[in-house]
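Chemist: Can you read through this structure? Questions will come right after.
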Amino acid sequence: MRNLTIDAERLWGNLMETAAIGATPKGGICRLTLTDLDRMVRDWFRAQAEALGCTVTVDDMGVMFASRPGQRADVPPIAMGSHLDTQPTGGKFDGALGVLAALEALQTLHAAGYETFAPIEVVNWTNEEGARFAPACVASGVFAGVYERDWAAARQDRSGTAFGAALEAIGYRGAERCGAHPLSAFFELHIEQGPLLEAEGREIGIVTGVQGVRWFEATLTGQDAHTGATPMHLRKNALLGAAHLIERVEGIARAHAPLAVATVGSMEVRPNSPNVVPGEVFLTVDLRHPDMAVLDTMEGELTAAISEACAPLGLAVASAKIWDQPPVHFDEACVAAVRQAAATSGLSAREIVSGASHDAAYVSRVAPTAMIFVPCRDGISHNEAEYSSKEQCAAGAQVLLQAVLDYDRQLADRYAAGKGG
Ligand code: HGY
Ligand code: MN
Ligand code: MN
């Protein structure tokens with residue numbers, strides 16, 4: 001197999017060009033899913049892929065597939081990709097690196113006139129972040145058969161806009177039924193979003209799996225009252241209940257140290273007026289751990305914490321679990337392809353379990369899947385200061401290309417031996 005090398009400058013140029021779509025004054029990106037900014041970056045991606053001669057298709061969850069033909073059109077494609085939506089104060093690399101490095105791999109193959117055995121695809125997954133429409137990874141969840149499409153389409157953002165309506169509004173509800181798109185394998189390049197690779201001076205993370213994650217929504221209801229005329233003992237202060245709950249959530253993670261994490265990341269206080277005792281609070285809880293049994297224990301402790309924070313204050317509470325993604329173990333052959341690609345590329349590497357979730361977690365249910373990490377500065381992500389260097393991005397893209405080509409050759413060997421996909 002010829003030694004193909006990605007073009008680091010072209011990749012970096014595309015990263016910086018797309019970072020301008022939704023750029024924030026602090027150097028990050030705010031490009032929420034299914035907004036006009038999302039449409040703009042989707043249009044950019046489609047144009048780039050079509051300029052390479054790729055066929056771009058879109059499914060009914062807005063997932064985009066840019067397909068480059070291989071020798072065998074009957075073989076399901078080997079896909080690479082990630083997401084182009086961001087957090088409200090997102091960085092330039094979370095998601096974008098995975099899609100643009102995959103595009104760079106196609107550009108490298110195209111420039112070399114290299115014909116693969118299987119078709120090769122770049123995928124842009126809709127609503128990976130879950131920042132606008134909760135939970136996260138909704139489209140890859142439908143793709144994997146975890147969510148019903150009608151349930152996904154009905155998810156509303158906090159202003160009451162439905163996912164399906166927003167998808168329609170930007171013109172990206174495609175004809176293909178989400179999930180009716182077999183894949184031979186899927187590889188996702190992503191920044192680590194944590195501190196391990198940088199701390200150990202490793203250039204590549206060989207991602208063997210993803211920790212489990214559960215999201216909960218809770219509405220605490222007390223009573224609006226006058227802050228001046230209402231004695232303390234007569235109050236039903238929903239924000240005080242929320243404050244106690246936030247402390248308890250922190251305690252749940254500390255009790256299961258060092259691997260557990262737990263966060264109240266979003267909260268709405270109503271009526272949010274300086275001289276009204278808050279009668280209602282909406283908040284979200286994010287629990288994560290690599291071990292399912294510990295996650296179960298943490299969930300039980302959360303249930304107890306919610307009632308113990310609310311009952312003494314006379315608060316009513318309605319809570320629901322809205323995301324439950326078990327821990328994931330990636331496909332050994334795909335992980336081996338990543339391990340081999342890092343070695344072939346002469347890069348230092350270590351195995352790692354992902355702290356963040358990714359579309360690859362759901363895709364792994366329907367196709368052999370693995371991920372590749374590169375370090376990010378100070379391990380910071382979901383932050384406008386998020387940064388990986390041109391060299392780090394290029395190293396990740398090179399391993400992505402190499403892993404896909406290795407896997408493509410293994411696939412060809414399997415088909416030649418009559419062992420099919
Ligand atoms: O929540 C996550 O782990 C991902 O960033 N959506
Ligand atoms: Mn991401
Ligand atoms: Mn993210």
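For the structure tokens, the naming scheme is as follows: chains receive sequential letters (A, B, ...) according to their order of presentation, residues are indexed from 1 within each chain, and ligands are indexed from 1 in presentation order.
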Output the neighbourhood of ligand 3 as a list in words, that is, all protein and nucleic acid residues with some atom at most 7 Å from the ligand, counting only C-alpha atoms and all ligand atoms.

Modeler: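 Counting only what the definition allows, namely only C-alpha atoms and all ligand atoms, the set is Thr86, Gln87, Asp94, Gly95, Glu129 and His382 of chain A.
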
Chemist: Identify, on the basis of only C-alpha atoms, every residue whose closest approach to Ala199 in chain A does not exceed 9 Å; exclude the query and any residue fewer than 3 positions from it along the same chain; express the result as an MDAnalysis selection string.

Modeler: chainID A and resid 195:196 202 378:379

Chemist: Extract the full set of helix (DSSP H, G or I) residues from range 295-346 of chain A according to DSSP on the backbone, and format it as an mmCIF file with C-alpha atoms, in the first residue's frame.

Modeler:
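To be explicit, this is the file written out as out-v6.cif:
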```cif
data_model
loop_
_atom_site.group_PDB
_atom_site.id
_atom_site.type_symbol
_atom_site.label_atom_id
_atom_site.label_comp_id
_atom_site.auth_asym_id
_atom_site.auth_seq_id
_atom_site.Cartn_x
_atom_site.Cartn_y
_atom_site.Cartn_z
ATOM 1 C CA LEU A 295 -23.650 4.223 37.623
ATOM 2 C CA ASP A 296 -26.679 2.361 38.983
ATOM 3 C CA THR A 297 -25.561 3.165 42.542
ATOM 4 C CA MET A 298 -24.997 6.819 41.636
ATOM 5 C CA GLU A 299 -28.465 7.010 40.086
ATOM 6 C CA GLY A 300 -30.014 5.623 43.249
ATOM 7 C CA GLU A 301 -28.115 8.136 45.340
ATOM 8 C CA LEU A 302 -29.325 10.930 43.054
ATOM 9 C CA THR A 303 -32.945 9.868 43.477
ATOM 10 C CA ALA A 304 -32.529 10.003 47.251
ATOM 11 C CA ALA A 305 -30.720 13.349 47.070
ATOM 12 C CA ILE A 306 -33.514 14.929 45.028
ATOM 13 C CA SER A 307 -36.218 14.046 47.561
ATOM 14 C CA GLU A 308 -34.013 14.874 50.580
ATOM 15 C CA ALA A 309 -33.185 18.306 49.122
ATOM 16 C CA CYS A 310 -36.812 19.124 48.354
ATOM 17 C CA ALA A 311 -39.077 17.588 50.998
ATOM 18 C CA PRO A 312 -37.810 19.612 54.027
ATOM 19 C CA LEU A 313 -38.409 22.835 52.056
ATOM 20 C CA GLU A 332 -11.029 -5.113 18.604
ATOM 21 C CA ALA A 333 -10.173 -5.250 14.885
ATOM 22 C CA CYS A 334 -10.875 -1.521 14.545
ATOM 23 C CA VAL A 335 -8.888 -0.737 17.694
ATOM 24 C CA ALA A 336 -6.042 -2.851 16.306
ATOM 25 C CA ALA A 337 -6.156 -0.870 13.052
ATOM 26 C CA VAL A 338 -5.789 2.352 15.058
ATOM 27 C CA ARG A 339 -2.961 0.868 17.151
ATOM 28 C CA GLN A 340 -1.146 -0.289 13.980
ATOM 29 C CA ALA A 341 -1.711 3.064 12.250
ATOM 30 C CA ALA A 342 -0.185 4.964 15.174
ATOM 31 C CA ALA A 343 2.823 2.658 15.109
ATOM 32 C CA THR A 344 3.187 2.916 11.311
#
```

Chemist: Show me which residues line ligand 2, defined as having an atom within 10 Å of a ligand atom where only C-alpha atoms and all ligand atoms count, and present them as a tab-separated table (two decimals) with C-alpha atoms, in the first residue's frame.

Modeler:
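Wrote out05.tsv, looks like this:
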```tsv
chain	number	residue	atom	x	y	z
A	82	SER	CA	-17.91	13.25	13.70
A	83	HIS	CA	-20.10	16.36	14.12
A	84	LEU	CA	-20.16	20.02	13.07
A	85	ASP	CA	-22.50	21.33	15.76
A	86	THR	CA	-20.94	22.95	18.83
A	87	GLN	CA	-21.63	23.93	22.40
A	90	GLY	CA	-17.57	25.61	22.06
A	91	GLY	CA	-14.06	25.36	20.67
A	93	PHE	CA	-11.84	21.39	17.32
A	94	ASP	CA	-14.58	19.43	19.15
A	95	GLY	CA	-16.35	17.56	16.33
A	96	ALA	CA	-14.96	19.71	13.52
A	97	LEU	CA	-11.59	17.96	13.65
A	98	GLY	CA	-13.24	14.59	13.11
A	127	ASN	CA	-26.97	17.11	17.14
A	128	GLU	CA	-24.04	15.35	18.76
A	129	GLU	CA	-23.76	17.97	21.49
A	136	ALA	CA	-26.77	14.34	23.03
A	137	CYS	CA	-26.06	12.04	20.06
A	188	GLU	CA	-13.94	8.83	14.60
A	189	LEU	CA	-11.06	11.19	15.28
A	190	HIS	CA	-11.63	13.56	18.20
A	191	ILE	CA	-9.68	15.72	20.62
A	192	GLU	CA	-9.39	13.97	23.99
A	193	GLN	CA	-11.19	16.78	25.85
A	356	ALA	CA	-16.81	12.30	26.82
A	357	SER	CA	-19.43	10.52	24.77
A	358	HIS	CA	-19.38	10.55	20.98
A	359	ASP	CA	-21.50	9.41	18.04
A	381	SER	CA	-12.76	21.51	25.86
A	382	HIS	CA	-16.35	22.76	25.77
```

Chemist: Just the residues within 12 Å of Met61 in chain A, please, counting only C-alpha atoms, with nothing from its chain fewer than 5 positions along; format it as an MDAnalysis selection string.

Modeler: chainID A and resid 33:34 124:128 137:143 147:154 163:168 171:180

Chemist: For the selection just defined, write its residues with N, CA and C atoms to a file, as a short mmCIF file (atom, residue, chain, number, x, y, z; two decimals), in the first residue's frame.

Modeler:
```cif
data_model
loop_
_atom_site.label_atom_id
_atom_site.label_comp_id
_atom_site.auth_asym_id
_atom_site.auth_seq_id
_atom_site.Cartn_x
_atom_site.Cartn_y
_atom_site.Cartn_z
N THR A 33 -26.79 23.18 16.87
CA THR A 33 -27.34 22.31 15.85
C THR A 33 -28.64 22.88 15.26
N LEU A 34 -28.77 22.71 13.94
CA LEU A 34 -30.01 23.05 13.21
C LEU A 34 -30.33 24.54 13.25
N ASN A 124 -21.30 13.45 8.78
CA ASN A 124 -21.54 14.56 9.72
C ASN A 124 -22.82 14.22 10.48
N TRP A 125 -22.69 13.88 11.76
CA TRP A 125 -23.84 13.47 12.58
C TRP A 125 -24.57 14.69 13.12
N THR A 126 -25.87 14.68 13.07
CA THR A 126 -26.67 15.79 13.58
C THR A 126 -26.77 15.76 15.10
N ASN A 127 -26.71 16.96 15.72
CA ASN A 127 -26.97 17.11 17.14
C ASN A 127 -26.18 16.14 18.01
N GLU A 128 -24.87 16.16 17.84
CA GLU A 128 -24.04 15.35 18.76
C GLU A 128 -24.05 15.99 20.14
N CYS A 137 -26.18 13.20 20.97
CA CYS A 137 -26.06 12.04 20.06
C CYS A 137 -27.41 11.51 19.62
N VAL A 138 -28.35 12.42 19.38
CA VAL A 138 -29.71 11.97 19.03
C VAL A 138 -29.72 11.27 17.68
N ALA A 139 -29.07 11.84 16.67
CA ALA A 139 -29.16 11.25 15.33
C ALA A 139 -28.44 9.90 15.27
N SER A 140 -27.27 9.82 15.88
CA SER A 140 -26.57 8.53 15.87
C SER A 140 -27.36 7.52 16.72
N GLY A 141 -28.12 8.02 17.68
CA GLY A 141 -28.98 7.14 18.46
C GLY A 141 -30.11 6.58 17.63
N VAL A 142 -30.70 7.41 16.76
CA VAL A 142 -31.75 6.90 15.85
C VAL A 142 -31.11 5.92 14.86
N PHE A 143 -29.92 6.30 14.35
CA PHE A 143 -29.19 5.47 13.37
C PHE A 143 -28.96 4.06 13.94
N TYR A 147 -33.22 5.24 19.54
CA TYR A 147 -34.36 6.16 19.65
C TYR A 147 -35.28 5.96 18.44
N GLU A 148 -36.60 6.13 18.67
CA GLU A 148 -37.54 6.21 17.56
C GLU A 148 -37.38 7.56 16.88
N ARG A 149 -37.51 7.62 15.56
CA ARG A 149 -37.32 8.88 14.85
C ARG A 149 -38.37 9.90 15.26
N ASP A 150 -39.63 9.45 15.52
CA ASP A 150 -40.67 10.43 15.91
C ASP A 150 -40.34 11.04 17.27
N TRP A 151 -39.79 10.21 18.17
CA TRP A 151 -39.40 10.75 19.48
C TRP A 151 -38.31 11.80 19.30
N ALA A 152 -37.35 11.48 18.46
CA ALA A 152 -36.24 12.43 18.23
C ALA A 152 -36.75 13.71 17.58
N ALA A 153 -37.61 13.55 16.58
CA ALA A 153 -38.11 14.72 15.85
C ALA A 153 -38.95 15.63 16.74
N ALA A 154 -39.53 15.03 17.81
CA ALA A 154 -40.39 15.81 18.70
C ALA A 154 -39.61 16.49 19.83
N PHE A 163 -37.15 19.55 17.14
CA PHE A 163 -36.01 19.11 16.33
C PHE A 163 -36.43 19.01 14.86
N GLY A 164 -37.53 18.32 14.61
CA GLY A 164 -37.98 18.09 13.22
C GLY A 164 -38.26 19.39 12.49
N ALA A 165 -38.86 20.34 13.19
CA ALA A 165 -39.19 21.63 12.56
C ALA A 165 -37.91 22.39 12.25
N ALA A 166 -36.96 22.33 13.17
CA ALA A 166 -35.68 23.05 12.94
C ALA A 166 -34.91 22.42 11.79
N LEU A 167 -34.98 21.08 11.70
CA LEU A 167 -34.30 20.36 10.61
C LEU A 167 -34.91 20.77 9.28
N GLU A 168 -36.23 20.83 9.24
CA GLU A 168 -36.96 21.26 8.03
C GLU A 168 -36.57 22.69 7.66
N GLY A 171 -33.51 23.05 5.82
CA GLY A 171 -33.49 22.34 4.53
C GLY A 171 -32.63 21.10 4.54
N TYR A 172 -32.46 20.46 5.71
CA TYR A 172 -31.60 19.27 5.78
C TYR A 172 -32.32 18.04 6.30
N ARG A 173 -33.66 17.99 6.10
CA ARG A 173 -34.33 16.72 6.38
C ARG A 173 -34.29 15.93 5.08
N GLY A 174 -33.38 14.93 5.01
CA GLY A 174 -33.20 14.19 3.76
C GLY A 174 -34.22 13.08 3.60
N ALA A 175 -34.09 12.42 2.43
CA ALA A 175 -35.08 11.40 2.08
C ALA A 175 -34.74 10.05 2.70
N GLU A 176 -33.44 9.77 2.89
CA GLU A 176 -33.02 8.44 3.34
C GLU A 176 -33.47 8.20 4.78
N ARG A 177 -33.97 7.03 5.07
CA ARG A 177 -34.41 6.70 6.44
C ARG A 177 -33.17 6.52 7.31
N CYS A 178 -33.10 7.28 8.39
CA CYS A 178 -31.91 7.23 9.25
C CYS A 178 -31.72 5.82 9.79
N GLY A 179 -30.56 5.26 9.50
CA GLY A 179 -30.27 3.89 9.96
C GLY A 179 -30.25 2.89 8.82
N ALA A 180 -30.90 3.25 7.71
CA ALA A 180 -30.91 2.33 6.55
C ALA A 180 -29.67 2.60 5.72
#
```

Chemist: Write down as a ChimeraX atom specification the residues belonging to range 186-386 of chain A that are assigned strand (DSSP E or B) by DSSP computed on the backbone.

Modeler: /A:186-191,204-210,212-221,225-226,261-270,276-277,280-289,316-325,328-329,349-354,369-374

Chemist: Please measure the separation of CA of Pro375 in chain A and CA of Ile204 in chain A, giving the value in Å to one decimal.

Modeler: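 We find that CA of Pro375 in chain A and CA of Ile204 in chain A lie 7.3 Å from each other.
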
Chemist: If you count only C-alpha atoms, which residues fall within 7 Å of range 221-223 of chain A, apart from same-chain ones fewer than 6 positions away, as a list of chain:residue names?

Modeler: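 Result of the neighbour search: A:Lys236, A:Asn237, A:Ala238, A:Pro278, A:Gly279, A:Glu280, A:Val281, A:Gly314, A:Leu315, A:Ala316, A:Val317.
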
Chemist: Write a file of the just-selected residues containing all heavy atoms, as a PDB file, in the first residue's frame.

Modeler:
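Result file part-v1.pdb:
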```
ATOM      1  N   LYS A 236     -41.120  28.695  50.426  1.00  0.00           N
ATOM      2  CA  LYS A 236     -40.872  27.450  49.652  1.00  0.00           C
ATOM      3  C   LYS A 236     -39.947  27.830  48.510  1.00  0.00           C
ATOM      4  O   LYS A 236     -40.373  28.084  47.382  1.00  0.00           O
ATOM      5  CB  LYS A 236     -42.202  26.875  49.145  1.00  0.00           C
ATOM      6  CG  LYS A 236     -43.100  26.373  50.271  1.00  0.00           C
ATOM      7  CD  LYS A 236     -44.392  25.796  49.741  1.00  0.00           C
ATOM      8  CE  LYS A 236     -45.267  25.306  50.891  1.00  0.00           C
ATOM      9  NZ  LYS A 236     -46.582  24.799  50.389  1.00  0.00           N
ATOM     10  N   ASN A 237     -38.678  27.925  48.844  1.00  0.00           N
ATOM     11  CA  ASN A 237     -37.667  28.495  47.957  1.00  0.00           C
ATOM     12  C   ASN A 237     -37.039  27.412  47.072  1.00  0.00           C
ATOM     13  O   ASN A 237     -36.211  26.621  47.528  1.00  0.00           O
ATOM     14  CB  ASN A 237     -36.587  29.182  48.804  1.00  0.00           C
ATOM     15  CG  ASN A 237     -35.564  29.911  47.943  1.00  0.00           C
ATOM     16  OD1 ASN A 237     -35.391  29.577  46.773  1.00  0.00           O
ATOM     17  ND2 ASN A 237     -34.910  30.899  48.534  1.00  0.00           N
ATOM     18  N   ALA A 238     -37.462  27.375  45.809  1.00  0.00           N
ATOM     19  CA  ALA A 238     -36.984  26.320  44.890  1.00  0.00           C
ATOM     20  C   ALA A 238     -35.489  26.444  44.640  1.00  0.00           C
ATOM     21  O   ALA A 238     -34.791  25.436  44.453  1.00  0.00           O
ATOM     22  CB  ALA A 238     -37.746  26.386  43.569  1.00  0.00           C
ATOM     23  N   PRO A 278     -37.681  32.504  44.546  1.00  0.00           N
ATOM     24  CA  PRO A 278     -37.892  31.678  43.346  1.00  0.00           C
ATOM     25  C   PRO A 278     -38.842  30.512  43.610  1.00  0.00           C
ATOM     26  O   PRO A 278     -38.580  29.673  44.472  1.00  0.00           O
ATOM     27  CB  PRO A 278     -36.485  31.167  43.014  1.00  0.00           C
ATOM     28  CG  PRO A 278     -35.560  32.110  43.696  1.00  0.00           C
ATOM     29  CD  PRO A 278     -36.282  32.543  44.933  1.00  0.00           C
ATOM     30  N   GLY A 279     -39.912  30.496  42.821  1.00  0.00           N
ATOM     31  CA  GLY A 279     -40.915  29.439  43.005  1.00  0.00           C
ATOM     32  C   GLY A 279     -40.642  28.204  42.172  1.00  0.00           C
ATOM     33  O   GLY A 279     -41.221  27.145  42.401  1.00  0.00           O
ATOM     34  N   GLU A 280     -39.748  28.353  41.154  1.00  0.00           N
ATOM     35  CA  GLU A 280     -39.510  27.173  40.311  1.00  0.00           C
ATOM     36  C   GLU A 280     -38.079  27.184  39.785  1.00  0.00           C
ATOM     37  O   GLU A 280     -37.549  28.246  39.431  1.00  0.00           O
ATOM     38  CB  GLU A 280     -40.489  27.131  39.128  1.00  0.00           C
ATOM     39  CG  GLU A 280     -40.356  25.861  38.255  1.00  0.00           C
ATOM     40  CD  GLU A 280     -41.371  25.807  37.122  1.00  0.00           C
ATOM     41  OE1 GLU A 280     -42.543  25.432  37.413  1.00  0.00           O
ATOM     42  OE2 GLU A 280     -41.006  26.142  35.990  1.00  0.00           O
ATOM     43  N   VAL A 281     -37.473  26.004  39.759  1.00  0.00           N
ATOM     44  CA  VAL A 281     -36.144  25.851  39.157  1.00  0.00           C
ATOM     45  C   VAL A 281     -36.154  24.604  38.277  1.00  0.00           C
ATOM     46  O   VAL A 281     -36.639  23.559  38.691  1.00  0.00           O
ATOM     47  CB  VAL A 281     -35.045  25.711  40.235  1.00  0.00           C
ATOM     48  CG1 VAL A 281     -33.726  25.241  39.608  1.00  0.00           C
ATOM     49  CG2 VAL A 281     -34.837  27.028  40.971  1.00  0.00           C
ATOM     50  N   GLY A 314     -40.561  21.828  51.526  1.00  0.00           N
ATOM     51  CA  GLY A 314     -41.936  21.873  51.017  1.00  0.00           C
ATOM     52  C   GLY A 314     -41.997  22.012  49.513  1.00  0.00           C
ATOM     53  O   GLY A 314     -42.976  22.518  48.951  1.00  0.00           O
ATOM     54  N   LEU A 315     -40.963  21.533  48.827  1.00  0.00           N
ATOM     55  CA  LEU A 315     -40.939  21.656  47.359  1.00  0.00           C
ATOM     56  C   LEU A 315     -41.481  20.391  46.714  1.00  0.00           C
ATOM     57  O   LEU A 315     -41.163  19.283  47.128  1.00  0.00           O
ATOM     58  CB  LEU A 315     -39.489  21.877  46.876  1.00  0.00           C
ATOM     59  CG  LEU A 315     -38.718  23.052  47.488  1.00  0.00           C
ATOM     60  CD1 LEU A 315     -37.305  23.088  46.906  1.00  0.00           C
ATOM     61  CD2 LEU A 315     -39.447  24.364  47.254  1.00  0.00           C
ATOM     62  N   ALA A 316     -42.245  20.577  45.666  1.00  0.00           N
ATOM     63  CA  ALA A 316     -42.618  19.442  44.815  1.00  0.00           C
ATOM     64  C   ALA A 316     -41.507  19.277  43.786  1.00  0.00           C
ATOM     65  O   ALA A 316     -40.802  20.248  43.473  1.00  0.00           O
ATOM     66  CB  ALA A 316     -43.937  19.741  44.116  1.00  0.00           C
ATOM     67  N   VAL A 317     -41.331  18.055  43.284  1.00  0.00           N
ATOM     68  CA  VAL A 317     -40.279  17.868  42.266  1.00  0.00           C
ATOM     69  C   VAL A 317     -40.735  16.840  41.245  1.00  0.00           C
ATOM     70  O   VAL A 317     -41.333  15.820  41.568  1.00  0.00           O
ATOM     71  CB  VAL A 317     -38.936  17.445  42.919  1.00  0.00           C
ATOM     72  CG1 VAL A 317     -39.053  16.167  43.701  1.00  0.00           C
ATOM     73  CG2 VAL A 317     -37.834  17.332  41.865  1.00  0.00           C
TER      74      VAL A 317
END
```

Chemist: I'd like the interatomic distance between CA of Asp324 in chain A and CA of Leu283 in chain A, to a tenth of an Å.

Modeler: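 Between these atoms lies a distance of 17.1 Å.
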
Chemist: In Å, rounded to a single decimal, give me how far CA of Val366 in chain A is from CA of Ala185 in chain A.

Modeler: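 Rounded to one decimal, the two atoms are 9.0 Å apart.
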
Chemist: Need the shell around range 4-19 of chain A: protein/DNA/RNA residues with any atom at most 7 Å away, counting only C-alpha atoms. Skip same-chain ones fewer than 4 positions apart. Format as a ChimeraX atom specification?

Modeler: /A:23,29,41,92,100-101,104-105,108,390,394,397-398

Chemist: Check the smallest atom-to-atom distance from each of A:Arg365, A:Arg288, A:Val277, A:Ala134 to Ala257 in chain A using only C-alpha atoms, then report the winner.

Modeler: A:Arg288

Chemist: Skipping near chain neighbours, those fewer than 2 positions away, what residues fall within 8 Å of range 109-115 of chain A using only C-alpha atoms, listed as a ChimeraX atom specification?

Modeler: /A:4,52,70-71,105-107,117

Chemist: Report as a tab-separated table: every residue of range 244-361 of chain A with an atom at most 7 Å from range 212-217 of chain A, its closest pair of atoms, and their distance in Å to one decimal, counting only C-alpha atoms, with rows sorted by chain and ascending residue number.

Modeler:
```
residue	atom	partner	partner_atom	distance
A:Leu283	CA	A:Glu217	CA	5.9
A:Thr284	CA	A:Glu217	CA	4.5
A:Val285	CA	A:Phe216	CA	5.0
A:Asp286	CA	A:Trp215	CA	4.7
A:Leu287	CA	A:Arg214	CA	5.2
A:Arg288	CA	A:Val213	CA	4.5
A:His289	CA	A:Gly212	CA	5.4
A:Pro290	CA	A:Gly212	CA	5.4
A:Met292	CA	A:Gly212	CA	6.8
A:Ser319	CA	A:Glu217	CA	5.5
A:Ala320	CA	A:Glu217	CA	5.4
A:Lys321	CA	A:Phe216	CA	4.3
A:Ile322	CA	A:Phe216	CA	5.5
A:Trp323	CA	A:Trp215	CA	4.8
A:Asp324	CA	A:Arg214	CA	4.5
A:Gln325	CA	A:Val213	CA	5.3
A:Pro326	CA	A:Gly212	CA	4.5
A:Pro327	CA	A:Gly212	CA	3.9
```

Chemist: Using only C-alpha atoms and all ligand atoms, which residue out of A:Ala66, A:Ala162, A:Ala361, A:Leu259 lies closest to ligand 1?

Modeler: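 Of A:Ala66, A:Ala162, A:Ala361, A:Leu259, the one nearest ligand 1 is A:Ala361, counting only C-alpha atoms and all ligand atoms.
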
Chemist: Kindly indicate which residue among A:Arg39, A:Arg155, A:Arg132, A:Arg377 lies nearest to ligand 1, using only C-alpha atoms and all ligand atoms for the distances.

Modeler: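 Between A:Arg39, A:Arg155, A:Arg132, A:Arg377, the residue approaching ligand 1 most closely is A:Arg132.
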
Chemist: Go through A:Ile78, A:Val99, A:Val276, A:Ala131 and flag the residue nearest ligand 1, using only C-alpha atoms and all ligand atoms for the distances.

Modeler: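 Closest residue, counting only C-alpha atoms and all ligand atoms: A:Ala131.
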
Chemist: Using only C-alpha atoms and all ligand atoms, pick whichever of A:Gly145, A:Gly355, A:Pro69, A:Gly265 has the shortest atom-to-atom distance to ligand 1.

Modeler: A:Gly355
